[in-house]
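Student: Pasting in a structure now, in structure tokens, and then I'll have a few things to ask.
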Amino acid sequence: MITATPPVETKKNYLNQTEGLKSWLLTHDHKRICILYLLGVTFFFALGGIFAVLIRLELATPAGDLVESNTYNKLFTMHGVIMVFLFLIPSIPAVLGNFLIPLMIGAKDVAFPRVNLLSWYIYMIGGCFVLTVLFMGGVDTGWTFYTPFSSSYSNGYVIATGLGIFIAGFSSILTGLNFIVTIHRMRAPGLTWFRLPLFVWAHYATSMIQVLGTPVIAVTLFLLVLERGLHIGFFDPAYGGDPVLFQHMFWFYSHPAVYIMILPSMGVVTEIITTFSSKKPFGYTFIAFSSVAIAVFGFIVWGHHLFVSGQSAYAGMVFSILSYVVAIPSAIKVFNWTATMYKGSVRMTTPMLYALGFIGLFTVGGLTGLFLASLGMDVHLTDTYFVIAHFHYVMVGGAIMGFLGGIHYWWPKIFGRMYNEGWSKISAIIIFIGFNLTFFPQFILGYMGMPRRYHVYPPEFQVLNVLSSAGASILGIGYLIPFCYLLWSLKYGPIAPPNPWGATTLEWQTSSPPPTENFEVTPVVTQEAYTYTSEEVVHVG
Amino acid sequence: MASHAVEDPHVTSTVQHHFESADQQKDASTIGMWVFLVTEVMFFGGLFLAYFVYRQAYPAAFASASNKTNLLIGAANTTVLICSSLTMALAVRSAAIGKKNLIVLFLILTLLLGGTFLGVKAYEYHDKWVHHEVPGHNFDCEGCIDAGHTPLFFALYFGMTGLHATHMIVGVGIILFLIAQARKGAYGPAWHTPVELFGLYWHFVDIVWIFLFPLLYLIDRSAVPK
């Protein structure tokens with residue numbers, strides 16, 4: 001890959017240490033596993049994106065002229081399943097977290113390198129199940145698999161999809177387990193908890209959710225598969241079961257799963273903002289503990305998905321209040337990022353553009369979440385496009401902006417090459433514009449009463465839907481541009497210095513790309529993570 | 001990597017390259033096992049939740065279906081499993097004091113007791129099958145109250161004990177591996193982490209049964225369905 005300029009790259013790094021496909025497929029190196037994951041999640045992101053394109057094409061006209069209703073059901077189901085379970089959940093933790101956590105804590109690798117590789121294979125096996133379903137004809141339940149439709153009436157391949165997600169879930173569990181142990185036991189000498197980069201705190205909180213939540217969705221899907229396959233009753237009223245129990249168990253994981261997607265992204269944004277403001281993050285402990293608070297509160301708000309499902313009114317009130325509470329730590333983060341930039345020397349680089357985009361879009365996504373957390377309002381908005389717009393603002397505007405920002409921020413470290421600054425800024429702006437054009441009209445559509453999951457709609461909704469579809473095409477182009485210039489940079493980009501951004505955390509103290517062992521000598525940490533002075537931050541010795 | 005072995009006198013061949021010391025490696029493995037067991041608690045937790053919800057909703061059906069379980073066999077099997085935990089603990093102890101033959105002996109005893117438990121469980125399943133107490137097309141809970149909801153009890157019975165038995169089967173496979181390693185003299189006072197961590201797993205599986213037995217066999221035994 002780097003042989004184009006042999007005189008400069010005589011030094012061995014993790015990319016050219018060993019060669020051949022086998023050395024990659026059997027690697028125990030967390031940095032190479034990051035790249036394996038990067039290939040996997042990019043593939044599934046593109047695949048999920050194709051379904052989004054088809055959905056938006058269909059919705060450009062009020063009539064159902066592109067696909068039939070059954071096909072449309074399968075389109076949005078496959079879009080949701082692939083994007084949630086095979087892209088968003090592993091995206092930042094398994095790619096950036098895998099690469100960076102050992103580097104940021106001055107370790108040679110994660111605690112269990114073989115388990116790390118295993119988790120990638122498990123993820124790919126889960127992905128293959130979903131791909132098989134796709135080629136066999138898809139599944140039509142929506143990504144939520146509500147019973148009894150999924151267990152008794154659906155015509156799709158519910159069992160294979162359920163098993164695929166069940167399997168992929170163990171990949172997520174193993175990643176979380178690995179990170180928890182790594183952060184506890186592998187920190188370099190002198191690296192106390194409050195000297196950790198905030199990215200590591202965010203991943204610690206994420207790992208807690210992965211470890212505590214994912215087994216519950218696993219057992220829920222296991223029961224669903226048993227019910228559908230063997231006609232053993234758990235959730236279907238025909239067998240004496242209760243479908244609302246399925247919803248409780250599903251959302252007990254799937255609501256915290258939203259925080260699996262957004263917390264790592266918040267960690268990325270914290271790193272980017274502090275680096276490009278050249279300023280210590282405002283309120284380090286508040287940012288650190290707000291990550292933990294989001295993880296904890298995230299577990300006790302799931303009932304807000306069941307306001308209209310026949311849950312008791314008192315339970316609804318409690319879940320409503322708790323859902324408001326989770327807004328507090330999220331808001332703390334937004335305030336602290338803003339305060340970090342205040343009077344900092346802000347540099348408008350590409351990662352910074354993504355981080356700023358994240359703050360704006362996440363704020364909109366978060367505040368509209370409060371509309372949905374209020375009991376009365378939610379009755380009007382349930383299952384409308386308002387909900388779609390809300391969670392896309394959080395998951396696309398939040399999680400994916402963070403993912404792309406992180407990829408741009410650490411690209412020089414991961415691959416040792418710089419990308420084209422002009423193109424990358426243009427694409428960041430295109431993505432921001434395209435995103436808002438796609439999803440803002442959906443808030444209005446939802447408020448006006450357009451339901452989700454229908455492929456035909458009344459003609460008066462067409463203008464807003466055309467705007468949304470037009471925005472989606474801009475957004476699609478915005479995603480294609482980075483794909484091109486990032487690939488281009490691998491071969492033709494300028495060689496990256498060890499610390500191109502003037503950042504202070506440990507991963508920038510080693511060469512780009514790092515050697516297989518990460519550091520020549522295990523670093524000894526004597527200061528906080530963010531010390532912007534002329535002094536050397538880390539004394540190696 | 002190579003330079004490291006020179007720097008640190010504690011590094012032995014069993015310490016993987018990314019750890020600084022054997023202690024750090026052992027600590028990491030132990031925490032990893034405990035975190036894994038936490039995920040297992042959550043995994044079984046979903047089934048326990050379903051049990052509590054449905055028992056609360058259909059007490060009569062659960063009481064009469066619960067009386068179909070065989071108390072004597074269940075109690076005997078519980079004893080077998082508790083004994084296997086004792087032999088497992090003794091195997092760990094033998095490893096810690098470096099008695100190679102005793103490790104092998106106690107692991108084999110654990111294997112036999114675990115196998116006995118699984119055999120008895122298979123007999124119970126067969127018995128349920130013969131009496132049409134497996135949910136599905138031929139299900140028939142003879143003389144049960146609220147018979148329409150009794151399949152829920154048996155679905156949970158098979159789901160919970162089946163998942164437990166699956167863990168036992170995995171455990172039996174691991175014991176076979178440990179026995180082979182122990183015979184080669186792989187474990188001693190300096191390093192026997194696999195035996196110790198498998199012990200944690202085995203005790204966990206045991207504890208799950210300690211909860212399953214009263215819930216499925218005992219608590220509704222004396223409830224007189226109306």
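Please note that chains go A, B, ... in the order of the structure tokens, that every chain numbers its residues from 1, and that ligands are numbered from 1 in the order shown.
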With only C-alpha atoms as the counted atoms, please give the residues lying no more than 9 Å from Thr161 of chain B, apart from itself and same-chain residues fewer than 6 positions off, as an mmCIF file with N, CA and C atoms, in the first residue's frame.

Tutor:
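selection_19.cif, freshly written:
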```cif
data_model
loop_
_atom_site.group_PDB
_atom_site.id
_atom_site.type_symbol
_atom_site.label_atom_id
_atom_site.label_comp_id
_atom_site.auth_asym_id
_atom_site.auth_seq_id
_atom_site.Cartn_x
_atom_site.Cartn_y
_atom_site.Cartn_z
ATOM 1 N N LYS B 121 -31.764 -35.272 33.204
ATOM 2 C CA LYS B 121 -32.578 -34.238 32.545
ATOM 3 C C LYS B 121 -33.179 -34.811 31.264
ATOM 4 N N TRP B 209 -29.318 -23.120 38.323
ATOM 5 C CA TRP B 209 -30.200 -24.241 38.664
ATOM 6 C C TRP B 209 -30.776 -24.088 40.064
ATOM 7 N N LEU B 212 -33.660 -22.151 39.439
ATOM 8 C CA LEU B 212 -34.662 -22.808 38.594
ATOM 9 C C LEU B 212 -35.437 -23.866 39.374
#
```

Student: Can you tell me which residues surround Val81 of chain A at a distance of at most 9 Å, considering only C-alpha atoms, apart from same-chain residues fewer than 2 positions away, and format the answer as a PyMOL selection string?

Tutor: chain A and resi 48+76-79+83-86+130+142-144+161+165

Student: With only C-alpha atoms as the counted atoms, please give the residues lying no more than 9 Å from segment 61-75 of chain B, apart from itself and same-chain residues fewer than 6 positions off, as number ranges by chain.

Tutor: B: 54-55, 120-121, 124, 128, 133, 141, 143-154, 213, 215-225

Student: Can I get the selection written as an mmCIF file, in the first residue's frame, with N, CA and C atoms?

Tutor:
```cif
data_model
loop_
_atom_site.group_PDB
_atom_site.id
_atom_site.type_symbol
_atom_site.label_atom_id
_atom_site.label_comp_id
_atom_site.auth_asym_id
_atom_site.auth_seq_id
_atom_site.Cartn_x
_atom_site.Cartn_y
_atom_site.Cartn_z
ATOM 1 N N TYR B 54 -45.731 -14.149 33.760
ATOM 2 C CA TYR B 54 -46.811 -15.088 33.441
ATOM 3 C C TYR B 54 -47.312 -15.839 34.675
ATOM 4 N N ARG B 55 -46.426 -16.086 35.634
ATOM 5 C CA ARG B 55 -46.893 -16.753 36.854
ATOM 6 C C ARG B 55 -47.857 -15.832 37.595
ATOM 7 N N VAL B 120 -30.122 -37.453 33.575
ATOM 8 C CA VAL B 120 -31.400 -37.409 34.293
ATOM 9 C C VAL B 120 -32.339 -36.405 33.625
ATOM 10 N N LYS B 121 -31.764 -35.272 33.204
ATOM 11 C CA LYS B 121 -32.578 -34.238 32.545
ATOM 12 C C LYS B 121 -33.179 -34.811 31.264
ATOM 13 N N GLU B 124 -36.066 -36.869 32.117
ATOM 14 C CA GLU B 124 -37.246 -36.043 32.444
ATOM 15 C C GLU B 124 -37.916 -35.509 31.171
ATOM 16 N N LYS B 128 -41.721 -36.133 29.811
ATOM 17 C CA LYS B 128 -42.659 -35.072 29.437
ATOM 18 C C LYS B 128 -43.201 -35.316 28.030
ATOM 19 N N GLU B 133 -46.624 -33.458 27.401
ATOM 20 C CA GLU B 133 -46.478 -32.199 28.121
ATOM 21 C C GLU B 133 -45.482 -31.250 27.449
ATOM 22 N N CYS B 141 -52.358 -31.177 28.977
ATOM 23 C CA CYS B 141 -52.029 -31.134 30.398
ATOM 24 C C CYS B 141 -53.202 -31.752 31.152
ATOM 25 N N GLY B 143 -55.880 -32.971 33.488
ATOM 26 C CA GLY B 143 -56.396 -32.566 34.790
ATOM 27 C C GLY B 143 -55.927 -31.207 35.264
ATOM 28 N N CYS B 144 -55.409 -30.383 34.370
ATOM 29 C CA CYS B 144 -54.895 -29.077 34.790
ATOM 30 C C CYS B 144 -56.007 -28.039 34.825
ATOM 31 N N ILE B 145 -55.862 -27.069 35.734
ATOM 32 C CA ILE B 145 -56.772 -25.933 35.785
ATOM 33 C C ILE B 145 -56.280 -24.895 34.767
ATOM 34 N N ASP B 146 -57.208 -24.148 34.162
ATOM 35 C CA ASP B 146 -56.827 -23.104 33.202
ATOM 36 C C ASP B 146 -55.857 -23.679 32.160
ATOM 37 N N ALA B 147 -56.242 -24.845 31.595
ATOM 38 C CA ALA B 147 -55.319 -25.592 30.733
ATOM 39 C C ALA B 147 -54.826 -24.761 29.553
ATOM 40 N N GLY B 148 -55.606 -23.740 29.142
ATOM 41 C CA GLY B 148 -55.213 -22.923 27.995
ATOM 42 C C GLY B 148 -53.900 -22.196 28.214
ATOM 43 N N HIS B 149 -53.574 -21.910 29.479
ATOM 44 C CA HIS B 149 -52.335 -21.181 29.742
ATOM 45 C C HIS B 149 -51.206 -22.076 30.244
ATOM 46 N N THR B 150 -51.486 -23.389 30.418
ATOM 47 C CA THR B 150 -50.395 -24.260 30.891
ATOM 48 C C THR B 150 -49.261 -24.401 29.876
ATOM 49 N N PRO B 151 -49.520 -24.289 28.546
ATOM 50 C CA PRO B 151 -48.360 -24.376 27.638
ATOM 51 C C PRO B 151 -47.297 -23.326 27.970
ATOM 52 N N LEU B 152 -47.724 -22.159 28.487
ATOM 53 C CA LEU B 152 -46.749 -21.125 28.843
ATOM 54 C C LEU B 152 -45.768 -21.648 29.877
ATOM 55 N N PHE B 153 -46.321 -22.371 30.899
ATOM 56 C CA PHE B 153 -45.436 -22.908 31.924
ATOM 57 C C PHE B 153 -44.428 -23.858 31.303
ATOM 58 N N PHE B 154 -44.933 -24.753 30.450
ATOM 59 C CA PHE B 154 -44.017 -25.753 29.897
ATOM 60 C C PHE B 154 -43.056 -25.133 28.891
ATOM 61 N N PHE B 213 -34.726 -24.616 40.192
ATOM 62 C CA PHE B 213 -35.373 -25.740 40.877
ATOM 63 C C PHE B 213 -36.554 -25.296 41.741
ATOM 64 N N LEU B 215 -38.252 -22.475 41.568
ATOM 65 C CA LEU B 215 -39.285 -21.794 40.782
ATOM 66 C C LEU B 215 -40.126 -22.783 39.994
ATOM 67 N N LEU B 216 -39.505 -23.784 39.406
ATOM 68 C CA LEU B 216 -40.248 -24.675 38.520
ATOM 69 C C LEU B 216 -40.845 -25.870 39.272
ATOM 70 N N TYR B 217 -40.155 -26.346 40.318
ATOM 71 C CA TYR B 217 -40.589 -27.581 40.974
ATOM 72 C C TYR B 217 -41.298 -27.328 42.306
ATOM 73 N N LEU B 218 -40.810 -26.317 43.061
ATOM 74 C CA LEU B 218 -41.187 -26.271 44.473
ATOM 75 C C LEU B 218 -42.321 -25.309 44.827
ATOM 76 N N ILE B 219 -42.191 -24.014 44.410
ATOM 77 C CA ILE B 219 -43.034 -23.013 45.073
ATOM 78 C C ILE B 219 -44.523 -23.220 44.848
ATOM 79 N N ASP B 220 -44.908 -23.884 43.768
ATOM 80 C CA ASP B 220 -46.342 -24.100 43.551
ATOM 81 C C ASP B 220 -46.781 -25.506 43.951
ATOM 82 N N ARG B 221 -45.854 -26.243 44.555
ATOM 83 C CA ARG B 221 -46.141 -27.633 44.879
ATOM 84 C C ARG B 221 -47.360 -27.752 45.798
ATOM 85 N N SER B 222 -47.436 -26.886 46.825
ATOM 86 C CA SER B 222 -48.519 -27.020 47.799
ATOM 87 C C SER B 222 -49.709 -26.121 47.471
ATOM 88 N N ALA B 223 -49.569 -25.293 46.426
ATOM 89 C CA ALA B 223 -50.704 -24.445 46.057
ATOM 90 C C ALA B 223 -51.827 -25.336 45.550
ATOM 91 N N VAL B 224 -53.000 -25.188 46.147
ATOM 92 C CA VAL B 224 -54.118 -26.029 45.721
ATOM 93 C C VAL B 224 -54.939 -25.252 44.700
ATOM 94 N N PRO B 225 -54.858 -25.643 43.435
ATOM 95 C CA PRO B 225 -55.620 -24.900 42.419
ATOM 96 C C PRO B 225 -57.109 -25.071 42.644
#
```

Student: Enumerate as a PyMOL selection string the residues belonging to chain A that approach chain B to within 7 Å, with only C-alpha atoms taken into account.

Tutor: chain A and resi 108-109+111+177+181+185+211-212+215-216+219-220+231-234+240

Student: One number please: atom CA of Val104 of chain B to atom CA of Ala186 of chain B, in Å, one decimal.

Tutor: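 Distance reported for this atom pair: 11.2 Å.
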
Student: For atom CA of Phe222 of chain A and atom CA of Phe145 of chain A, quote the distance in Å rounded to one decimal.

Tutor: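 Between these atoms lies a distance of 12.2 Å.
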
Student: Near Pro62 of chain A, counting only C-alpha atoms, which residues have an atom at most 7 Å away, once you skip same-chain residues fewer than 2 positions from it, shown as number ranges by chain?

Tutor: A: 59-60, 64, 456-459, 462

Student: Step one, run DSSP on the backbone; step two, keep only residues of segment 54-180 of chain A assigned to helix (DSSP H, G or I); then write them as a ChimeraX atom specification.

Tutor: /A:54-58,69-104,113-136,149-153,158-180

Student: I need the residue nearest Phe139 of chain B from this list: A:Tyr324, A:Gly416, A:Ser511, A:Tyr239. Use only C-alpha atoms for the distance.

Tutor: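 Closest residue, counting only C-alpha atoms: A:Tyr239.
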
Student: With only C-alpha atoms as the counted atoms, please give the residues lying no more than 8 Å from Gly344 of chain A, apart from itself and same-chain residues fewer than 4 positions off, as a ChimeraX atom specification.

Tutor: /A:277-279,340
